>>> print(open('work_6.csv').read())   # CSV, C-alpha atoms
chain,number,residue,atom,x,y,z
S,23,MET,CA,26.4,27.5,-12.7
S,24,THR,CA,23.3,25.2,-12.3
S,25,GLN,CA,22.0,24.8,-8.8
S,26,THR,CA,20.0,21.7,-7.8
S,27,LEU,CA,17.0,22.6,-5.6
S,28,THR,CA,15.8,20.1,-3.1
S,29,PRO,CA,13.1,20.6,-0.4
S,30,SER,CA,14.5,21.7,2.9
S,31,THR,CA,14.5,18.9,5.4
S,32,THR,CA,14.9,21.4,8.3
S,33,ALA,CA,12.0,23.7,7.6
S,34,ALA,CA,8.6,22.4,8.8
S,35,PRO,CA,6.4,21.4,5.8
S,36,THR,CA,3.4,23.7,5.3
S,37,THR,CA,1.9,22.6,2.0
S,38,ARG,CA,1.0,19.4,0.3
S,39,GLN,CA,3.4,20.3,-2.5
S,40,HIS,CA,6.2,20.6,0.0
S,41,VAL,CA,5.4,17.2,1.5
S,42,THR,CA,5.2,15.7,-2.1
S,43,ASP,CA,8.6,17.1,-2.8
S,44,LEU,CA,9.9,15.6,0.5
S,45,ILE,CA,8.3,12.2,-0.5
S,46,LEU,CA,10.1,12.2,-3.8
S,47,VAL,CA,13.4,13.1,-2.3
S,48,ALA,CA,13.1,10.4,0.4
S,49,LYS,CA,11.9,7.8,-2.2
S,50,ARG,CA,14.9,8.5,-4.4
S,51,GLY,CA,17.3,8.7,-1.4
S,52,LEU,CA,16.1,5.4,0.0
S,53,GLY,CA,16.1,3.7,-3.4
S,54,LEU,CA,12.5,2.7,-3.1
S,55,SER,CA,10.0,2.1,-5.9
S,56,TYR,CA,6.4,3.2,-5.7
S,57,THR,CA,5.5,-0.6,-5.6
S,58,ALA,CA,7.8,-1.1,-2.6
S,59,ILE,CA,6.2,1.8,-0.8
S,60,ALA,CA,2.8,0.4,-1.5
S,61,GLU,CA,3.9,-3.0,-0.2
S,62,ALA,CA,5.3,-1.5,3.0
S,63,LEU,CA,2.0,0.3,3.5
S,64,GLY,CA,-0.2,-2.7,2.5
S,65,THR,CA,-2.0,-0.6,-0.1
S,66,HIS,CA,-2.8,-0.8,-3.8
S,67,ARG,CA,0.1,0.4,-5.8
S,68,VAL,CA,-1.8,2.6,-8.2
S,69,TRP,CA,-3.8,4.3,-5.4
S,70,THR,CA,-0.6,4.7,-3.4
S,71,THR,CA,1.4,6.3,-6.2
S,72,SER,CA,-1.5,8.7,-6.9
S,73,ALA,CA,-1.7,9.5,-3.2
S,74,LEU,CA,2.1,10.0,-2.9
S,75,LEU,CA,1.8,12.5,-5.8
S,76,GLY,CA,-0.8,14.5,-3.9
S,77,GLN,CA,-4.1,13.2,-5.4
S,78,HIS,CA,-5.6,11.5,-2.4
S,79,PRO,CA,-5.5,12.0,1.4
S,80,PHE,CA,-3.9,9.3,3.5
S,81,PRO,CA,-5.9,7.9,6.5
S,82,ALA,CA,-4.1,8.8,9.8
S,83,VAL,CA,-2.6,5.4,10.3
S,84,LEU,CA,-1.2,5.2,6.8
S,85,ALA,CA,0.1,8.8,7.0
S,86,ASP,CA,2.0,7.9,10.1
S,87,LYS,CA,3.3,4.7,8.6
S,88,LEU,CA,4.4,6.5,5.5
S,89,CYS,CA,6.3,9.0,7.5
S,90,ALA,CA,8.1,6.2,9.3
S,91,VAL,CA,8.8,4.3,6.1
S,92,LEU,CA,10.2,7.4,4.3
S,93,GLU,CA,11.8,8.9,7.4
S,94,LEU,CA,9.7,12.1,6.9
S,95,PRO,CA,9.2,14.7,9.7
S,96,GLU,CA,6.1,14.0,11.9
S,97,ALA,CA,4.7,17.4,10.7
S,98,CYS,CA,4.0,15.7,7.3
S,99,SER,CA,1.4,13.4,8.7
S,100,PRO,CA,-1.5,15.9,9.2
S,101,ILE,CA,-0.8,17.4,5.8
S,102,LEU,CA,-0.9,14.0,4.2
S,103,GLN,CA,-4.4,13.6,5.8
S,104,GLU,CA,-5.9,16.8,4.2
S,105,VAL,CA,-8.2,16.4,1.3
S,106,PRO,CA,-6.2,17.6,-1.7
S,107,MET,CA,-7.0,19.8,-4.6
S,108,ARG,CA,-7.3,17.0,-7.2
S,109,GLY,CA,-6.3,17.2,-10.8
S,110,SER,CA,-2.8,17.4,-12.1
S,111,PHE,CA,-3.0,19.1,-15.5
S,112,GLU,CA,-1.3,22.4,-15.5
S,113,ALA,CA,-2.2,22.9,-19.1
S,114,LEU,CA,-4.3,21.1,-21.8
S,115,PRO,CA,-3.4,19.2,-23.7
S,116,PRO,CA,-0.8,17.7,-21.3
S,117,THR,CA,2.8,17.8,-22.6
S,118,ASP,CA,4.3,14.6,-20.9
S,119,PRO,CA,4.3,12.0,-23.7
S,120,THR,CA,2.8,9.2,-21.5
S,121,ILE,CA,0.0,11.3,-20.1
S,122,TYR,CA,-0.6,12.8,-23.5
S,123,ARG,CA,-1.2,9.3,-25.0
S,124,LEU,CA,-3.8,8.6,-22.3
S,125,TYR,CA,-5.4,11.9,-23.0
S,126,GLU,CA,-5.3,11.2,-26.7
S,127,ALA,CA,-6.9,7.7,-26.2
S,128,LEU,CA,-9.7,9.3,-24.3
S,129,GLN,CA,-10.1,12.0,-27.0
S,130,VAL,CA,-10.4,9.3,-29.7
S,131,TYR,CA,-12.3,6.6,-27.8
S,132,GLY,CA,-14.0,8.6,-25.1
S,133,PRO,CA,-17.2,9.4,-27.1
S,134,ALA,CA,-17.5,5.7,-28.2
S,135,LEU,CA,-17.1,4.5,-24.6
S,136,LYS,CA,-19.7,7.1,-23.5
S,137,TYR,CA,-22.3,5.8,-26.0
S,138,LEU,CA,-21.5,2.2,-25.3
S,139,ILE,CA,-21.9,2.7,-21.5
S,140,HIS,CA,-25.3,4.3,-22.2
S,141,GLU,CA,-26.2,1.5,-24.5
S,142,ASP,CA,-25.2,-1.2,-22.1
S,143,PHE,CA,-26.2,0.4,-18.8
S,144,GLY,CA,-28.6,3.2,-19.5
S,145,ASP,CA,-28.4,6.9,-18.8
S,146,GLY,CA,-25.6,7.5,-16.2
S,147,ILE,CA,-21.9,7.7,-15.6
S,148,MET,CA,-19.0,5.6,-14.4
S,149,SER,CA,-17.9,6.7,-10.9
S,150,ALA,CA,-14.3,7.8,-10.5
S,151,ILE,CA,-14.9,7.8,-6.7
S,152,ASN,CA,-16.2,4.2,-6.2
S,153,PHE,CA,-13.4,3.1,-8.6
S,154,ASP,CA,-10.5,0.8,-9.1
S,155,LEU,CA,-7.7,0.9,-11.6
S,156,GLN,CA,-5.3,-1.9,-12.4
S,157,LEU,CA,-2.0,-1.6,-14.4
S,158,GLY,CA,-0.4,-4.6,-15.9
S,159,ARG,CA,1.9,-6.0,-18.6
S,160,VAL,CA,0.7,-8.2,-21.4
S,161,SER,CA,3.1,-10.1,-23.7
S,162,ALA,CA,2.3,-10.0,-27.4
S,163,GLU,CA,4.0,-11.1,-30.6
S,164,ASP,CA,4.8,-7.5,-31.5
S,165,GLY,CA,6.2,-6.7,-28.0
S,166,GLU,CA,5.2,-5.9,-24.5
S,167,ARG,CA,1.9,-4.1,-24.1
S,168,VAL,CA,0.5,-1.9,-21.3
S,169,GLN,CA,-2.8,-3.0,-19.9
S,170,ILE,CA,-5.0,-0.5,-18.0
S,171,THR,CA,-8.3,-1.6,-16.6
S,172,LEU,CA,-10.7,0.9,-15.1
S,173,THR,CA,-13.6,-0.4,-13.0
S,174,GLY,CA,-16.1,2.2,-11.8
S,175,LYS,CA,-19.5,1.8,-10.3
S,176,PHE,CA,-22.3,2.7,-12.7
S,177,LEU,CA,-24.3,5.7,-11.3
S,178,PRO,CA,-27.6,6.1,-13.1
S,179,TYR,CA,-29.0,9.6,-13.4
S,180,LYS,CA,-32.0,10.2,-11.3
S,181,TRP,CA,-34.7,12.8,-12.1
>>> encode(input="work_6.csv", output="C-alpha cells")
Amino acid sequence: MTQTLTPSTTAAPTTRQHVTDLILVAKRGLGLSYTAIAEALGTHRVWTTSALLGQHPFPAVLADKLCAVLELPEACSPILQEVPMRGSFEALPPTDPTIYRLYEALQVYGPALKYLIHEDFGDGIMSAINFDLQLGRVSAEDGERVQITLTGKFLPYKW
C-alpha cells in the first residue's frame, strides 16, 4: 500500500522546506502556474519561481501577499522572509535531466565564457547577485528552442 505524503496544514510551519512544501501543495490545489503567481505578486517570474522553491527571501509585503494568494497560514510569512541556505544540488552531477543539461552546458562552455569575459571586460567576474535572468521561447526551422539570457553586473577584481 502506497501512502501519499502531504505537508500538514494544521501544524504550524517551522522550516523553509515545510513552507516550500505548503506552497507546492497550494499551487497544485489552486491550479496556479508559477507565472500566474508571479503576476499576482507583480514580480519577475524566474525570480518568483526560484523564491517559491526556497532560493530567495521574500520582502515582508510580498510574503504577506503570497500567503493571501496561496491561502497559506500567516505563520509562513516570517519564514518566507528569512535569508535561505541557497543552492539546490543535493549531489553532483545533478540527476534531473533538465538541470543536468544546464550543468553540462556550463561544463562544456563555462571555460570559454570565462576566458571571453576576461578578454572583453578584464580580470573579474559576473555577479549572480546584481543579476537578471530571462527565459523565453524561440521558433526555429528544426523546432522550438529554449532561450536563456543571463545578465550580471561585471565586478572587476581589486587588489
>>> residues_around(input="work_6.csv", residues="range 106-121 of chain S", least_positions_apart="3", cutoff="8 Å", atoms="all atoms listed in the file", output="list in words")
Arg38, Gly76, Gln77, His78, Pro79, Leu124 and Tyr125 of chain S
>>> write_last_selection(input="work_6.csv", atoms="C-alpha atoms", output="compact mmCIF listing (two decimals), keeping the file's coordinate frame")
# COMPACT_ATOMS: atom_id res chain seq x y z
CA ARG S 38 1.00 19.40 0.30
CA GLY S 76 -0.80 14.50 -3.90
CA GLN S 77 -4.10 13.20 -5.40
CA HIS S 78 -5.60 11.50 -2.40
CA PRO S 79 -5.50 12.00 1.40
CA LEU S 124 -3.80 8.60 -22.30
CA TYR S 125 -5.40 11.90 -23.00
>>> atom_distance(input="work_6.csv", atom1="CA of Thr71 in chain S", atom2="CA of Tyr56 in chain S")
5.9 Å
>>> residues_around(input="work_6.csv", residues="Cys98 in chain S", least_positions_apart="6", cutoff="8 Å", atoms="all atoms listed in the file", output="ChimeraX atom specification")
/S:35,41,85,89
>>> residues_around(input="work_6.csv", residues="range 156-168 of chain S", least_positions_apart="6", cutoff="10 Å", atoms="all atoms listed in the file", output="list in words")
His66, Arg67, Val68 and Trp69 of chain S
>>> residues_around(input="work_6.csv", residues="His140 in chain S", least_positions_apart="6", cutoff="12 Å", atoms="only C-alpha atoms", output="VMD selection string")
chain S and resid 133 to 134 146 to 148 176 to 179
>>> closest_residue(input="work_6.csv", among="S:Ala127, S:Ala97, S:Val83, S:Leu88", to="Thr70 in chain S", atoms="all atoms listed in the file")
S:Leu88
>>> decode(input="work_6.csv", residues="range 56-67 of chain S", atoms="all heavy atoms", output="mmCIF file, in the first residue's frame")
data_model
loop_
_atom_site.group_PDB
_atom_site.id
_atom_site.type_symbol
_atom_site.label_atom_id
_atom_site.label_comp_id
_atom_site.auth_asym_id
_atom_site.auth_seq_id
_atom_site.Cartn_x
_atom_site.Cartn_y
_atom_site.Cartn_z
ATOM 1 N N TYR S 56 3.392 28.917 -12.003
ATOM 2 C CA TYR S 56 4.381 29.826 -11.424
ATOM 3 C C TYR S 56 4.212 31.223 -12.018
ATOM 4 O O TYR S 56 4.313 32.230 -11.311
ATOM 5 C CB TYR S 56 5.802 29.313 -11.666
ATOM 6 C CG TYR S 56 6.126 28.077 -10.871
ATOM 7 C CD1 TYR S 56 6.270 26.844 -11.496
ATOM 8 C CD2 TYR S 56 6.291 28.139 -9.497
ATOM 9 C CE1 TYR S 56 6.566 25.705 -10.761
ATOM 10 C CE2 TYR S 56 6.588 27.004 -8.754
ATOM 11 C CZ TYR S 56 6.719 25.793 -9.390
ATOM 12 O OH TYR S 56 7.011 24.666 -8.664
ATOM 13 N N THR S 57 3.934 31.286 -13.316
ATOM 14 C CA THR S 57 3.740 32.574 -13.985
ATOM 15 C C THR S 57 2.538 33.305 -13.393
ATOM 16 O O THR S 57 2.599 34.514 -13.140
ATOM 17 C CB THR S 57 3.568 32.369 -15.503
ATOM 18 O OG1 THR S 57 4.753 31.740 -16.006
ATOM 19 C CG2 THR S 57 3.342 33.675 -16.224
ATOM 20 N N ALA S 58 1.443 32.598 -13.137
ATOM 21 C CA ALA S 58 0.245 33.223 -12.557
ATOM 22 C C ALA S 58 0.532 33.769 -11.157
ATOM 23 O O ALA S 58 0.061 34.851 -10.799
ATOM 24 C CB ALA S 58 -0.914 32.229 -12.516
ATOM 25 N N ILE S 59 1.311 33.036 -10.383
ATOM 26 C CA ILE S 59 1.659 33.512 -9.037
ATOM 27 C C ILE S 59 2.518 34.767 -9.147
ATOM 28 O O ILE S 59 2.289 35.753 -8.435
ATOM 29 C CB ILE S 59 2.368 32.404 -8.226
ATOM 30 C CG1 ILE S 59 1.415 31.229 -7.984
ATOM 31 C CG2 ILE S 59 2.893 32.964 -6.897
ATOM 32 C CD1 ILE S 59 2.074 29.977 -7.432
ATOM 33 N N ALA S 60 3.498 34.761 -10.052
ATOM 34 C CA ALA S 60 4.342 35.946 -10.244
ATOM 35 C C ALA S 60 3.501 37.144 -10.666
ATOM 36 O O ALA S 60 3.702 38.263 -10.180
ATOM 37 C CB ALA S 60 5.432 35.654 -11.275
ATOM 38 N N GLU S 61 2.551 36.922 -11.560
ATOM 39 C CA GLU S 61 1.674 38.010 -11.997
ATOM 40 C C GLU S 61 0.841 38.542 -10.832
ATOM 41 O O GLU S 61 0.656 39.752 -10.691
ATOM 42 C CB GLU S 61 0.780 37.553 -13.145
ATOM 43 C CG GLU S 61 1.541 37.370 -14.448
ATOM 44 C CD GLU S 61 0.723 36.713 -15.549
ATOM 45 O OE1 GLU S 61 -0.420 36.270 -15.296
ATOM 46 O OE2 GLU S 61 1.253 36.625 -16.677
ATOM 47 N N ALA S 62 0.343 37.653 -9.984
ATOM 48 C CA ALA S 62 -0.448 38.080 -8.823
ATOM 49 C C ALA S 62 0.393 38.901 -7.846
ATOM 50 O O ALA S 62 -0.118 39.816 -7.201
ATOM 51 C CB ALA S 62 -1.044 36.857 -8.114
ATOM 52 N N LEU S 63 1.688 38.567 -7.766
ATOM 53 C CA LEU S 63 2.581 39.293 -6.862
ATOM 54 C C LEU S 63 3.173 40.542 -7.512
ATOM 55 O O LEU S 63 3.724 41.396 -6.818
ATOM 56 C CB LEU S 63 3.722 38.377 -6.401
ATOM 57 C CG LEU S 63 3.335 37.153 -5.582
ATOM 58 C CD1 LEU S 63 4.569 36.312 -5.273
ATOM 59 C CD2 LEU S 63 2.616 37.553 -4.308
ATOM 60 N N GLY S 64 3.117 40.604 -8.861
ATOM 61 C CA GLY S 64 3.736 41.722 -9.573
ATOM 62 C C GLY S 64 5.250 41.605 -9.612
ATOM 63 O O GLY S 64 5.959 42.613 -9.575
ATOM 64 N N THR S 65 5.752 40.370 -9.701
ATOM 65 C CA THR S 65 7.199 40.125 -9.682
ATOM 66 C C THR S 65 7.632 39.348 -10.926
ATOM 67 O O THR S 65 6.809 38.759 -11.628
ATOM 68 C CB THR S 65 7.593 39.325 -8.425
ATOM 69 O OG1 THR S 65 6.791 38.132 -8.357
ATOM 70 C CG2 THR S 65 7.370 40.140 -7.155
ATOM 71 N N HIS S 66 8.932 39.317 -11.156
ATOM 72 C CA HIS S 66 9.527 38.605 -12.281
ATOM 73 C C HIS S 66 9.302 37.099 -12.096
ATOM 74 O O HIS S 66 9.531 36.566 -11.006
ATOM 75 C CB HIS S 66 11.020 38.930 -12.325
ATOM 76 C CG HIS S 66 11.717 38.411 -13.525
ATOM 77 N ND1 HIS S 66 12.053 37.094 -13.680
ATOM 78 C CD2 HIS S 66 12.162 39.051 -14.627
ATOM 79 C CE1 HIS S 66 12.674 36.930 -14.830
ATOM 80 N NE2 HIS S 66 12.753 38.103 -15.426
ATOM 81 N N ARG S 67 8.889 36.416 -13.132
ATOM 82 C CA ARG S 67 8.512 35.005 -12.968
ATOM 83 C C ARG S 67 9.679 34.087 -12.649
ATOM 84 O O ARG S 67 9.513 33.122 -11.896
ATOM 85 C CB ARG S 67 7.732 34.500 -14.166
ATOM 86 C CG ARG S 67 8.528 34.245 -15.401
ATOM 87 C CD ARG S 67 7.612 33.861 -16.569
ATOM 88 N NE ARG S 67 8.417 33.440 -17.696
ATOM 89 C CZ ARG S 67 8.312 32.247 -18.263
ATOM 90 N NH1 ARG S 67 7.416 31.391 -17.851
ATOM 91 N NH2 ARG S 67 9.091 31.930 -19.276
#
